[in-house]
There are 2 protein chains.
Amino acid sequence: MTTATGVIVPTDTTERLKSLRTLMADPSHNIDAYIIPSEDAHQSEYIGNCDKRRAFISGFTGSFGSAVVTQDTAIMFTDGRYVLQARAQMDTNWELLRIGVGSTITMADHLSTLKPGSRIGVDPSLISYAEAKNIQNKIKKNNCELVPISTNLVDIMWADKPELPKDEIFFLKLEFSGIPLQEKLVQVREMIKKHGATGLVITGLDQIAWLFNLRGSDIDNNPLFYSYAIVTDDKVSLFVEKEKLTEEAIQNLEGVEIFPYADIFDHLKFLSKSSEGTKIITDSVCSWAIVDAIGTENIVEEYSPITVLKLTKNSTELDGMRNSHIRDGVASVKFYSWLERELVENNMSLKISESEAADKFLEFVMEQKNAVGKSFATISSVGPNAAVIHYSPTKGSDSLIDLNKIYLVDAGFQYLDGTTDMTRTWHFGTPTAWEKECYTRVLKGFIKIDDLVFPSGTTGYVLDPIARMSLWEAGIDFRHNTGHGVGSFLNVHEGPIGIGVRPYYHDFGLEAGMIITNEPGYYEDGNFGARIENVCIIVDKETPHNYGGTKYLTLESVSLCPIQAKLIMPSLMEPREMEWLNNYHKLVWEKLSPHLEKGSYEYEWLSRNTAPI
Amino acid sequence: MTTATGVIVPTDTTERLKSLRTLMADPSHNIDAYIIPSEDAHQSEYIGNCDKRRAFISGFTGSFGSAVVTQDTAIMFTDGRYVLQARAQMDTNWELLRIGVGSTITMADHLSTLKPGSRIGVDPSLISYAEAKNIQNKIKKNNCELVPISTNLVDIMWADKPELPKDEIFFLKLEFSGIPLQEKLVQVREMIKKHGATGLVITGLDQIAWLFNLRGSDIDNNPLFYSYAIVTDDKVSLFVEKEKLTEEAIQNLEGVEIFPYADIFDHLKFLSKSSEGTKIITDSVCSWAIVDAIGTENIVEEYSPITVLKLTKNSTELDGMRNSHIRDGVASVKFYSWLERELVENNMSLKISESEAADKFLEFVMEQKNAVGKSFATISSVGPNAAVIHYSPTKGSDSLIDLNKIYLVDAGFQYLDGTTDMTRTWHFGTPTAWEKECYTRVLKGFIKIDDLVFPSGTTGYVLDPIARMSLWEAGIDFRHNTGHGVGSFLNVHEGPIGIGVRPYYHDFGLEAGMIITNEPGYYEDGNFGARIENVCIIVDKETPHNYGGTKYLTLESVSLCPIQAKLIMPSLMEPREMEWLNNYHKLVWEKLSPHLEKGSYEYEWLSRNTAPI
């Protein structure tokens, strides 16, 4: 919660926790602990307002974090990105435990320390089957039990809970998606057969959007719609409220049976019972409730064929990515040149707020062809706010942009032909030597990854230290992964590839046609943050030799925007790093300048900011 | 087999295979396939002559590779290091399948493709319990069975099989080992308790040598002796032929009960039956036969506490490592300067064989204080032989050292106070541009690892690409790991740490006090090879900042020998890489020159070869 004067005030959760504890103690449930997951029924990373139960109960609004409430305690589990934000938003009823990167404890570990014999409740539709099994394994030594509570206890007390949205679902034309549904189905069915299964249940919202070439807007910044789907050898069923589909969408769903969203469970039960030998592929985002409807004896736990197919983009998607990033770059240059002019020439330092700047950026983007909106809440952060890794300014409580402080913007947008995600860090006054050193070390890591040549199939899991080695030299580091996969007009965070320590980054080797971000950073609590991020396509690299017949790959930066020279400490840069920078700036100039009016302020700004160093 | 004229002739295995197949078909065994592992009963990497069953049956003498024989096929499984050697040594009865780095198939995968219902035999004392379980898992879908055959079938037909050696076992004084047995026992027993176990069976020969501060010579180049041990809360039992122990050794085994080597199985059976609640820690090197004697219900599968304790060297061991490497460096300089003088000044090109050179190197080493012998068979390899990663010259069949070809030496020695392992690649004539480019890229990888600063606890698993990135740029790579752990007057390959893709390199983070090699390379079949290797101590690194209170580490090269400047292509070197090289050479000069006679040839050679570039 933020007051009119802009101060973050923790949400008072005393009454809410009291109500929840009363429900927990009720004989109909009789549970000692209750888990309130961050996720919705589709294990979405970003969730709709109707699913923000964990924020309602705790006050903490970050995208990652689960809550566990007992009669005496209320604990929030979140990762390094959100520690500062969570502590600021939660009242003293709540304890905070850090999990993820740099920590060894998990929520399941904590649950295994509850008093022996505890009954631990959870809504089975909001927890993945994998996580439910993991918790069960950890708590069984303590004779504790994970109890599925079908009625969501938070929903009971959440008086003004928003309804499921009824937003339009539209058809994504072939000029953007590249491959029609029927062709995708052939590939999916081949993979179902390969896994010895008879069908596939799809619960991941981006998987459904990709397969059916449909997009919606049920979740802020994600072009998704609430739905489920089942694919078997002879049938395709889509579970979604039919009235949400446009005429064109329905026309392009020939052969697809459409049922109401909530009917998935009955269909799965019927499918499992009606034919012997049913084997349904379920993946890591399938909920406990979905697996329960199928029956554990009838599931094949695998990566969804759609996750695998979606990972490598088709040529239409790759062209779209390149083209949308040119438009995104033009908007970025317009925004950053506008901001610098305002601060430096028009004396507007300490007069433009972080959220006003973010709105201005969006304005420039929405002038571009195919622009749809943001791909995540813009991080527009000045000074100490830039150290809050997933900071998002709130009108009224945000800071004013200060000529004398670092300003970090991480912004991504959705276009019909691509999804963008770019970070730039600026100083429009005079940065300190220490800020410059940190920024330069971040840049060196960024260049090392961008410039890297590696054998096809290398995982992002083992490449991660290459982004950090220049920081490590000075004894500094950053507490997030180096990069994540990106969808094609879909989720800005798309698994399962990435550069970093998440175990599943080890599951798929990097291959040509995949899309990934490169975004090392450095953060100093209470002081400043620095991050540089580009979206990159993984492309074939012609090398003088092809040892052992291996293909070699490299990254092609599709994000196009100058990297501020003022923040660079040249003495720390190696010659080839400088050469990389000058080449990149040459590319940025060549790609963007034709789209700017010659002689305009932004044209000259781009020229200055891409000049060889 | 090599003929008098020096040509490698494959061993004729037709009769041996025929005998083996007759034994396999015998009703008392009735097996369809028989596995002949490379290992001995202790899962040693290097084995005694009495255990070279796989070499006997196949002709292939490399240190890694398992054979599987059926009535129709004979297949050797080995890794990239040994492909050339295995193919050259085996006759046409044998097929070769590559496993390990760069391959996805394992022996167990292959066994899972045998005809359904096959009975697959193996000597249970020669296969680890972990591998037996792995094979059982893979073959069960095919209804195949892994059958323990206690009588070794190869032994039956191996007429002149050597006996178990009776070599002396001596006490390693405290000035070399650093910590007495009784102190080590306290630590071991604490860890047994921590794992909720009542005892520990020790089957790894280096673990036993370390715990008891004893060394032997039962296996070439490894100061080990055949033995087993059991540690419980109130007893320590060593299973070894008592007559092998020196007087001093026996005096230093107060409180230790000594039993014959073969008695271990009966003791374990008795221990498991006699007291309820027996829980014995077994590790990944415990054989199926050992686990069977304990009973699977009584084992705790864990890394042996000794493996963990041994990993971090004590200060006496670290001092010994540093000191022995100075002596090793002096011997190296004497050898390489002698060789260069012979080839260049004394017209000895094509007159000194690879094995003669290796012998000469050993001579110089044996003049040094505390020298014991080799730590592995010296790789002395010229031209195409340098591309055979684990080449070892055989008198009569080896090549002559040629002024016009690359000469690669990978040699390691045992000293009472340390184990060494160093590779240098030389060209005493005029290297080609391509040889220089490859060598320089290897050197760049080597420097990147040596120069690296990283947070305490980082695994060698994720650091591996840093050694390869300079090679990848040219589309080249090497098919072995970047580095391995090293024992302290023990095994030159000491697990479980290392830099590379072995999954267990991920199990322990690197910490100060551990010892590891850094040895990137490049190999061109039929042409040449290049490798540069130093042994390094992992040491604390003072950094300007200590982000998040993390300790930072770096490598301290203890190997001391010039890196040949002639093979370097300066245009490929970055300024900081040149700086590293000059600093290293300055160190080599400072450490070694005081031990060489001023004005001597080797003194001047060292001076020339460590001069700033």
# chains A, B, ... in the order shown; residues from 1 in each chain; ligands from 1
$ interface_residues --of "chain B" --to "chain A" --cutoff "7 Å" --atoms "only C-alpha atoms" --output "JSON, numbers by chain"
{"B": [453, 454, 462, 463, 465, 466, 469, 472, 473, 474, 475, 476, 477, 543, 544, 545, 546, 547, 552]}
$ residues_around --residues "range 145-154 of chain A" --least-positions-apart "6" --cutoff "6 Å" --atoms "only C-alpha atoms" --output "ChimeraX atom specification"
/A:119-124
$ write_last_selection --atoms "all heavy atoms" --output "short mmCIF file (atom, residue, chain, number, x, y, z; two decimals), in the first residue's frame"
data_model
loop_
_atom_site.label_atom_id
_atom_site.label_comp_id
_atom_site.auth_asym_id
_atom_site.auth_seq_id
_atom_site.Cartn_x
_atom_site.Cartn_y
_atom_site.Cartn_z
N ARG A 119 -0.95 -31.30 9.70
CA ARG A 119 -1.70 -31.37 8.44
C ARG A 119 -1.49 -30.04 7.72
O ARG A 119 -1.81 -28.98 8.25
CB ARG A 119 -3.19 -31.60 8.73
CG ARG A 119 -3.54 -33.05 9.13
CD ARG A 119 -4.96 -33.17 9.68
NE ARG A 119 -5.98 -32.56 8.82
CZ ARG A 119 -6.58 -33.16 7.79
NH1 ARG A 119 -6.29 -34.41 7.50
NH2 ARG A 119 -7.49 -32.52 7.07
N ILE A 120 -0.94 -30.11 6.52
CA ILE A 120 -0.60 -28.90 5.78
C ILE A 120 -1.53 -28.79 4.58
O ILE A 120 -1.50 -29.63 3.69
CB ILE A 120 0.88 -28.95 5.32
CG1 ILE A 120 1.80 -29.16 6.53
CG2 ILE A 120 1.25 -27.71 4.53
CD1 ILE A 120 3.23 -29.53 6.17
N GLY A 121 -2.38 -27.76 4.59
CA GLY A 121 -3.37 -27.62 3.53
C GLY A 121 -2.89 -26.78 2.37
O GLY A 121 -2.05 -25.89 2.52
N VAL A 122 -3.44 -27.07 1.19
CA VAL A 122 -3.14 -26.27 0.01
C VAL A 122 -4.26 -26.49 -1.01
O VAL A 122 -4.86 -27.56 -1.06
CB VAL A 122 -1.76 -26.64 -0.60
CG1 VAL A 122 -1.77 -28.04 -1.21
CG2 VAL A 122 -1.32 -25.61 -1.64
N ASP A 123 -4.55 -25.46 -1.81
CA ASP A 123 -5.50 -25.60 -2.90
C ASP A 123 -4.81 -26.40 -4.01
O ASP A 123 -3.84 -25.92 -4.60
CB ASP A 123 -5.90 -24.20 -3.39
CG ASP A 123 -6.89 -24.23 -4.55
OD1 ASP A 123 -7.00 -25.28 -5.23
OD2 ASP A 123 -7.56 -23.20 -4.77
N PRO A 124 -5.28 -27.62 -4.33
CA PRO A 124 -4.54 -28.48 -5.26
C PRO A 124 -4.52 -27.96 -6.69
O PRO A 124 -3.73 -28.45 -7.50
CB PRO A 124 -5.30 -29.82 -5.19
CG PRO A 124 -6.68 -29.45 -4.76
CD PRO A 124 -6.53 -28.25 -3.85
#
$ closest_residue --among "B:Lys115, B:Pro305, B:Ser593, B:Tyr439" --to "Lys194 in chain B" --atoms "only C-alpha atoms"
B:Pro305
$ residues_around --residues "range 256-271 of chain B" --least-positions-apart "6" --cutoff "8 Å" --atoms "only C-alpha atoms" --output "mmCIF file with C-alpha atoms, in the first residue's frame"
data_model
loop_
_atom_site.group_PDB
_atom_site.id
_atom_site.type_symbol
_atom_site.label_atom_id
_atom_site.label_comp_id
_atom_site.auth_asym_id
_atom_site.auth_seq_id
_atom_site.Cartn_x
_atom_site.Cartn_y
_atom_site.Cartn_z
ATOM 1 C CA TYR B 226 45.615 -53.707 -1.506
ATOM 2 C CA SER B 227 43.500 -53.455 1.625
ATOM 3 C CA TYR B 228 40.096 -52.756 3.112
ATOM 4 C CA ALA B 229 39.151 -51.063 6.369
ATOM 5 C CA LYS B 235 36.906 -50.278 16.529
ATOM 6 C CA VAL B 236 39.218 -49.754 13.599
ATOM 7 C CA SER B 237 40.007 -52.784 11.446
ATOM 8 C CA LEU B 238 42.545 -52.870 8.637
ATOM 9 C CA PHE B 239 42.429 -55.791 6.222
ATOM 10 C CA VAL B 240 45.909 -56.261 4.783
ATOM 11 C CA GLU B 241 48.585 -58.971 4.835
ATOM 12 C CA LYS B 242 50.417 -58.023 8.041
ATOM 13 C CA THR B 278 23.922 -51.465 11.980
ATOM 14 C CA ILE B 290 30.852 -55.458 -0.506
ATOM 15 C CA ALA B 293 28.030 -58.689 2.318
ATOM 16 C CA ILE B 294 26.630 -55.800 4.394
ATOM 17 C CA GLY B 295 23.069 -56.196 3.100
#
$ closest_residue --among "A:Phe489, A:Trp580, A:Tyr82, A:Trp288" --to "Gln43 in chain A" --atoms "only C-alpha atoms"
A:Trp288
$ closest_residue --among "B:Phe361, B:Asp206, B:His480, B:Glu556" --to "Arg502 in chain B" --atoms "only C-alpha atoms"
B:His480
$ closest_residue --among "A:Thr296, A:Thr13, A:Asn527, A:Ser272" --to "Ala386 in chain A" --atoms "only C-alpha atoms"
A:Asn527
$ residues_around --residues "Val291 in chain A" --least-positions-apart "6" --cutoff "12 Å" --atoms "only C-alpha atoms" --output "list in words"
Pro124, Ser125, Ile127, Ser128, Tyr129, Ala130, Ala132, Lys133, Leu200, Val201, Ile202, Thr203, Ile264, Phe265, Leu268, Lys269, Ser272, Lys279, Ile280, Ile281, Thr282, Asp283, Ser284, Val285, Glu297, Asn298, Ile299, Val300 and Glu301 of chain A
$ select_by_dssp --residues "range 151-318 of chain B" --states "helix (DSSP H, G or I)" --output "number ranges by chain"
B: 153-157, 174-177, 181-194, 205-212, 242-244, 247-251, 261-274, 288-294, 296-298, 305-311, 315-318
$ write_last_selection --atoms "C-alpha atoms" --output "compact mmCIF listing (two decimals), in the first residue's frame"
# COMPACT_ATOMS: atom_id res chain seq x y z
CA LEU B 153 35.75 -66.15 -15.93
CA VAL B 154 38.81 -64.37 -17.31
CA ASP B 155 40.92 -65.56 -14.39
CA ILE B 156 40.03 -69.18 -15.20
CA MET B 157 41.61 -68.97 -18.64
CA LEU B 174 53.93 -36.58 10.24
CA GLU B 175 56.24 -34.07 8.56
CA PHE B 176 54.60 -35.18 5.30
CA SER B 177 51.07 -36.21 6.32
CA LEU B 181 45.65 -41.31 12.50
CA GLN B 182 43.98 -40.74 15.87
CA GLU B 183 43.05 -37.15 14.99
CA LYS B 184 41.72 -38.21 11.60
CA LEU B 185 39.62 -40.90 13.31
CA VAL B 186 37.94 -38.29 15.51
CA GLN B 187 36.86 -36.35 12.41
CA VAL B 188 35.76 -39.49 10.58
CA ARG B 189 33.66 -40.71 13.52
CA GLU B 190 31.98 -37.31 13.83
CA MET B 191 30.94 -37.52 10.20
CA ILE B 192 29.72 -41.12 10.55
CA LYS B 193 27.47 -39.92 13.37
CA LYS B 194 26.30 -36.93 11.34
CA LEU B 205 42.81 -47.64 -1.68
CA ASP B 206 43.76 -43.96 -1.51
CA GLN B 207 41.22 -43.45 1.28
CA ILE B 208 42.88 -46.18 3.34
CA ALA B 209 46.38 -44.82 2.64
CA TRP B 210 45.29 -41.33 3.70
CA LEU B 211 43.51 -42.39 6.90
CA PHE B 212 46.29 -44.64 8.22
CA LYS B 242 50.42 -58.02 8.04
CA GLU B 243 53.81 -59.18 6.78
CA LYS B 244 53.78 -56.36 4.24
CA GLU B 247 58.02 -52.28 11.84
CA GLU B 248 57.47 -48.49 11.94
CA ALA B 249 54.11 -48.87 10.24
CA ILE B 250 52.94 -51.42 12.83
CA GLN B 251 54.15 -49.17 15.67
CA TYR B 261 42.86 -58.86 3.13
CA ALA B 262 40.29 -61.48 2.09
CA ASP B 263 38.57 -61.52 5.51
CA ILE B 264 36.64 -58.30 4.89
CA PHE B 265 33.53 -60.03 3.54
CA ASP B 266 33.09 -62.32 6.57
CA HIS B 267 33.70 -59.41 8.94
CA LEU B 268 31.03 -57.30 7.23
CA LYS B 269 28.53 -60.16 7.27
CA PHE B 270 29.19 -60.70 10.97
CA LEU B 271 28.98 -56.98 11.77
CA SER B 272 25.59 -56.68 10.04
CA LYS B 273 24.14 -59.73 11.71
CA SER B 274 25.62 -59.34 15.18
CA TRP B 288 28.41 -54.84 -5.42
CA ALA B 289 30.08 -57.71 -3.52
CA ILE B 290 30.85 -55.46 -0.51
CA VAL B 291 27.30 -54.08 -0.38
CA ASP B 292 25.96 -57.61 -0.70
CA ALA B 293 28.03 -58.69 2.32
CA ILE B 294 26.63 -55.80 4.39
CA THR B 296 21.42 -53.37 1.18
CA GLU B 297 19.09 -52.67 4.13
CA ASN B 298 22.09 -51.81 6.30
CA PRO B 305 33.79 -38.99 5.06
CA ILE B 306 37.39 -39.67 4.08
CA THR B 307 36.83 -38.49 0.52
CA VAL B 308 35.42 -35.28 1.93
CA LEU B 309 38.15 -34.76 4.54
CA LYS B 310 40.96 -35.63 2.13
CA LEU B 311 39.72 -33.06 -0.38
CA SER B 315 48.93 -26.88 5.85
CA THR B 316 51.69 -29.52 5.98
CA GLU B 317 50.38 -31.07 2.78
CA LEU B 318 50.10 -27.65 1.10
$ residues_around --residues "Asp51 in chain B" --least-positions-apart "5" --cutoff "9 Å" --atoms "only C-alpha atoms" --output "VMD selection string"
chain B and resid 38 to 41 161 to 162 164
$ residues_around --residues "Lys360 in chain B" --least-positions-apart "6" --cutoff "12 Å" --atoms "only C-alpha atoms" --output "NGL selection string"
:B and (331-332 or 334-339 or 352-354 or 366-367 or 378 or 380 or 411)
$ select_by_dssp --residues "range 117-303 of chain B" --states "strand (DSSP E)" --output "ChimeraX atom specification"
/B:119-122,145-148,170-171,199-202,214-215,228-232,236-239,256-259,280-282,299-301
$ write_last_selection --atoms "C-alpha atoms" --output "PDB file, in the first residue's frame"
ATOM      1  CA  ARG B 119      21.346 -62.993 -18.564  1.00  0.00           C
ATOM      2  CA  ILE B 120      24.270 -60.580 -18.236  1.00  0.00           C
ATOM      3  CA  GLY B 121      27.099 -61.807 -16.037  1.00  0.00           C
ATOM      4  CA  VAL B 122      29.685 -59.796 -14.119  1.00  0.00           C
ATOM      5  CA  GLU B 145      18.996 -59.752 -15.577  1.00  0.00           C
ATOM      6  CA  LEU B 146      22.392 -58.795 -14.141  1.00  0.00           C
ATOM      7  CA  VAL B 147      23.896 -61.997 -12.708  1.00  0.00           C
ATOM      8  CA  PRO B 148      26.759 -61.924 -10.177  1.00  0.00           C
ATOM      9  CA  PHE B 170      55.577 -47.908   5.045  1.00  0.00           C
ATOM     10  CA  PHE B 171      54.564 -45.189   7.478  1.00  0.00           C
ATOM     11  CA  GLY B 199      30.211 -47.405  10.796  1.00  0.00           C
ATOM     12  CA  LEU B 200      32.113 -46.940   7.574  1.00  0.00           C
ATOM     13  CA  VAL B 201      33.590 -49.497   5.213  1.00  0.00           C
ATOM     14  CA  ILE B 202      36.567 -48.180   3.270  1.00  0.00           C
ATOM     15  CA  LEU B 214      50.568 -45.484   5.133  1.00  0.00           C
ATOM     16  CA  ARG B 215      51.897 -45.801   1.601  1.00  0.00           C
ATOM     17  CA  TYR B 228      40.096 -52.756   3.112  1.00  0.00           C
ATOM     18  CA  ALA B 229      39.151 -51.063   6.369  1.00  0.00           C
ATOM     19  CA  ILE B 230      36.184 -50.708   8.695  1.00  0.00           C
ATOM     20  CA  VAL B 231      35.726 -47.877  11.177  1.00  0.00           C
ATOM     21  CA  THR B 232      33.021 -48.101  13.839  1.00  0.00           C
ATOM     22  CA  VAL B 236      39.218 -49.754  13.599  1.00  0.00           C
ATOM     23  CA  SER B 237      40.007 -52.784  11.446  1.00  0.00           C
ATOM     24  CA  LEU B 238      42.545 -52.870   8.637  1.00  0.00           C
ATOM     25  CA  PHE B 239      42.429 -55.791   6.222  1.00  0.00           C
ATOM     26  CA  VAL B 256      44.085 -50.892  14.931  1.00  0.00           C
ATOM     27  CA  GLU B 257      43.110 -54.553  14.519  1.00  0.00           C
ATOM     28  CA  ILE B 258      44.789 -56.135  11.517  1.00  0.00           C
ATOM     29  CA  PHE B 259      43.191 -58.991   9.570  1.00  0.00           C
ATOM     30  CA  ILE B 280      27.371 -48.766   7.324  1.00  0.00           C
ATOM     31  CA  ILE B 281      28.322 -45.873   5.052  1.00  0.00           C
ATOM     32  CA  THR B 282      29.214 -47.123   1.585  1.00  0.00           C
ATOM     33  CA  ILE B 299      23.898 -49.324   4.050  1.00  0.00           C
ATOM     34  CA  VAL B 300      23.912 -45.535   3.959  1.00  0.00           C
ATOM     35  CA  GLU B 301      24.980 -44.390   0.497  1.00  0.00           C
TER      36      GLU B 301
END
$ closest_residue --among "A:Cys50, A:Ile447, A:Ile8, A:Ile57" --to "Ala88 in chain A" --atoms "only C-alpha atoms"
A:Ile8
$ atom_distance --atom1 "CA of Ile449 in chain A" --atom2 "CA of Met514 in chain A"
15.1 Å
$ residues_around --residues "Asp91 in chain A" --least-positions-apart "3" --cutoff "9 Å" --atoms "only C-alpha atoms" --output "ChimeraX atom specification"
/A:9-14,58-59,87-88,94-95
$ write_last_selection --atoms "all heavy atoms" --output "CSV table (one decimal), in the first residue's frame"
chain,number,residue,atom,x,y,z
A,9,VAL,N,3.5,2.0,2.8
A,9,VAL,CA,3.1,1.6,4.1
A,9,VAL,C,2.7,0.1,4.1
A,9,VAL,O,2.0,-0.3,3.2
A,9,VAL,CB,1.9,2.4,4.6
A,9,VAL,CG1,1.3,1.9,5.9
A,9,VAL,CG2,2.2,3.9,4.7
A,10,PRO,N,3.3,-0.7,5.0
A,10,PRO,CA,2.9,-2.2,4.9
A,10,PRO,C,1.4,-2.3,5.1
A,10,PRO,O,0.7,-1.6,5.8
A,10,PRO,CB,3.6,-2.7,6.2
A,10,PRO,CG,4.7,-1.7,6.5
A,10,PRO,CD,4.1,-0.4,6.1
A,11,THR,N,0.9,-3.4,4.4
A,11,THR,CA,-0.5,-3.7,4.5
A,11,THR,C,-0.8,-4.3,5.9
A,11,THR,O,0.0,-5.1,6.4
A,11,THR,CB,-0.9,-4.7,3.4
A,11,THR,OG1,-0.6,-4.1,2.2
A,11,THR,CG2,-2.4,-5.1,3.5
A,12,ASP,N,-1.9,-3.8,6.5
A,12,ASP,CA,-2.3,-4.4,7.8
A,12,ASP,C,-3.0,-5.7,7.6
A,12,ASP,O,-4.1,-5.8,7.0
A,12,ASP,CB,-3.2,-3.4,8.6
A,12,ASP,CG,-3.6,-4.0,9.9
A,12,ASP,OD1,-3.3,-5.1,10.3
A,12,ASP,OD2,-4.3,-3.2,10.7
A,13,THR,N,-2.3,-6.8,8.0
A,13,THR,CA,-2.9,-8.2,7.7
A,13,THR,C,-3.4,-8.9,8.9
A,13,THR,O,-3.8,-10.0,8.8
A,13,THR,CB,-1.8,-9.0,7.0
A,13,THR,OG1,-0.7,-9.2,8.0
A,13,THR,CG2,-1.3,-8.4,5.7
A,14,THR,N,-3.5,-8.1,10.0
A,14,THR,CA,-3.9,-8.8,11.3
A,14,THR,C,-5.2,-9.4,11.2
A,14,THR,O,-5.4,-10.6,11.5
A,14,THR,CB,-3.9,-7.8,12.4
A,14,THR,OG1,-2.5,-7.2,12.5
A,14,THR,CG2,-4.2,-8.4,13.8
A,58,SER,N,-0.9,-11.1,2.3
A,58,SER,CA,0.4,-10.6,2.9
A,58,SER,C,0.7,-9.1,2.6
A,58,SER,O,1.5,-8.5,3.3
A,58,SER,CB,1.5,-11.4,2.4
A,58,SER,OG,1.7,-11.1,1.0
A,59,GLY,N,0.2,-8.6,1.5
A,59,GLY,CA,0.6,-7.2,1.1
A,59,GLY,C,1.7,-7.2,0.1
A,59,GLY,O,1.9,-6.2,-0.6
A,87,ARG,N,10.0,-6.9,2.3
A,87,ARG,CA,10.1,-6.4,3.7
A,87,ARG,C,9.3,-5.1,3.8
A,87,ARG,O,8.7,-4.8,4.8
A,87,ARG,CB,11.6,-6.3,4.0
A,87,ARG,CG,11.9,-6.1,5.4
A,87,ARG,CD,11.5,-7.3,6.3
A,87,ARG,NE,10.0,-7.2,6.7
A,87,ARG,CZ,9.4,-8.2,7.3
A,87,ARG,NH1,9.9,-9.3,7.5
A,87,ARG,NH2,8.1,-8.0,7.5
A,88,ALA,N,9.4,-4.3,2.7
A,88,ALA,CA,8.7,-3.0,2.8
A,88,ALA,C,7.2,-3.1,2.8
A,88,ALA,O,6.5,-2.3,3.4
A,88,ALA,CB,9.2,-2.1,1.6
A,94,TRP,N,4.5,-10.7,9.5
A,94,TRP,CA,5.2,-11.6,8.6
A,94,TRP,C,6.7,-11.7,8.8
A,94,TRP,O,7.4,-10.7,9.0
A,94,TRP,CB,4.9,-11.1,7.1
A,94,TRP,CG,3.5,-11.4,6.7
A,94,TRP,CD1,2.4,-10.6,7.0
A,94,TRP,CD2,3.0,-12.5,6.1
A,94,TRP,NE1,1.3,-11.2,6.5
A,94,TRP,CE2,1.6,-12.4,5.9
A,94,TRP,CE3,3.6,-13.7,5.6
A,94,TRP,CZ2,0.8,-13.4,5.3
A,94,TRP,CZ3,2.8,-14.7,5.0
A,94,TRP,CH2,1.4,-14.5,4.9
A,95,GLU,N,7.2,-12.9,8.7
A,95,GLU,CA,8.6,-13.2,8.6
A,95,GLU,C,9.0,-13.4,7.1
A,95,GLU,O,8.1,-13.8,6.3
A,95,GLU,CB,9.0,-14.5,9.3
A,95,GLU,CG,9.0,-14.4,10.8
A,95,GLU,CD,9.2,-15.8,11.3
A,95,GLU,OE1,10.3,-16.4,11.2
A,95,GLU,OE2,8.3,-16.4,11.9
$ atom_distance --atom1 "CA of Ala512 in chain B" --atom2 "CA of Asp540 in chain B"
5.9 Å
$ closest_residue --among "A:Lys313, A:Arg327, A:Lys374, A:Lys395" --to "Glu511 in chain A" --atoms "only C-alpha atoms"
A:Lys313
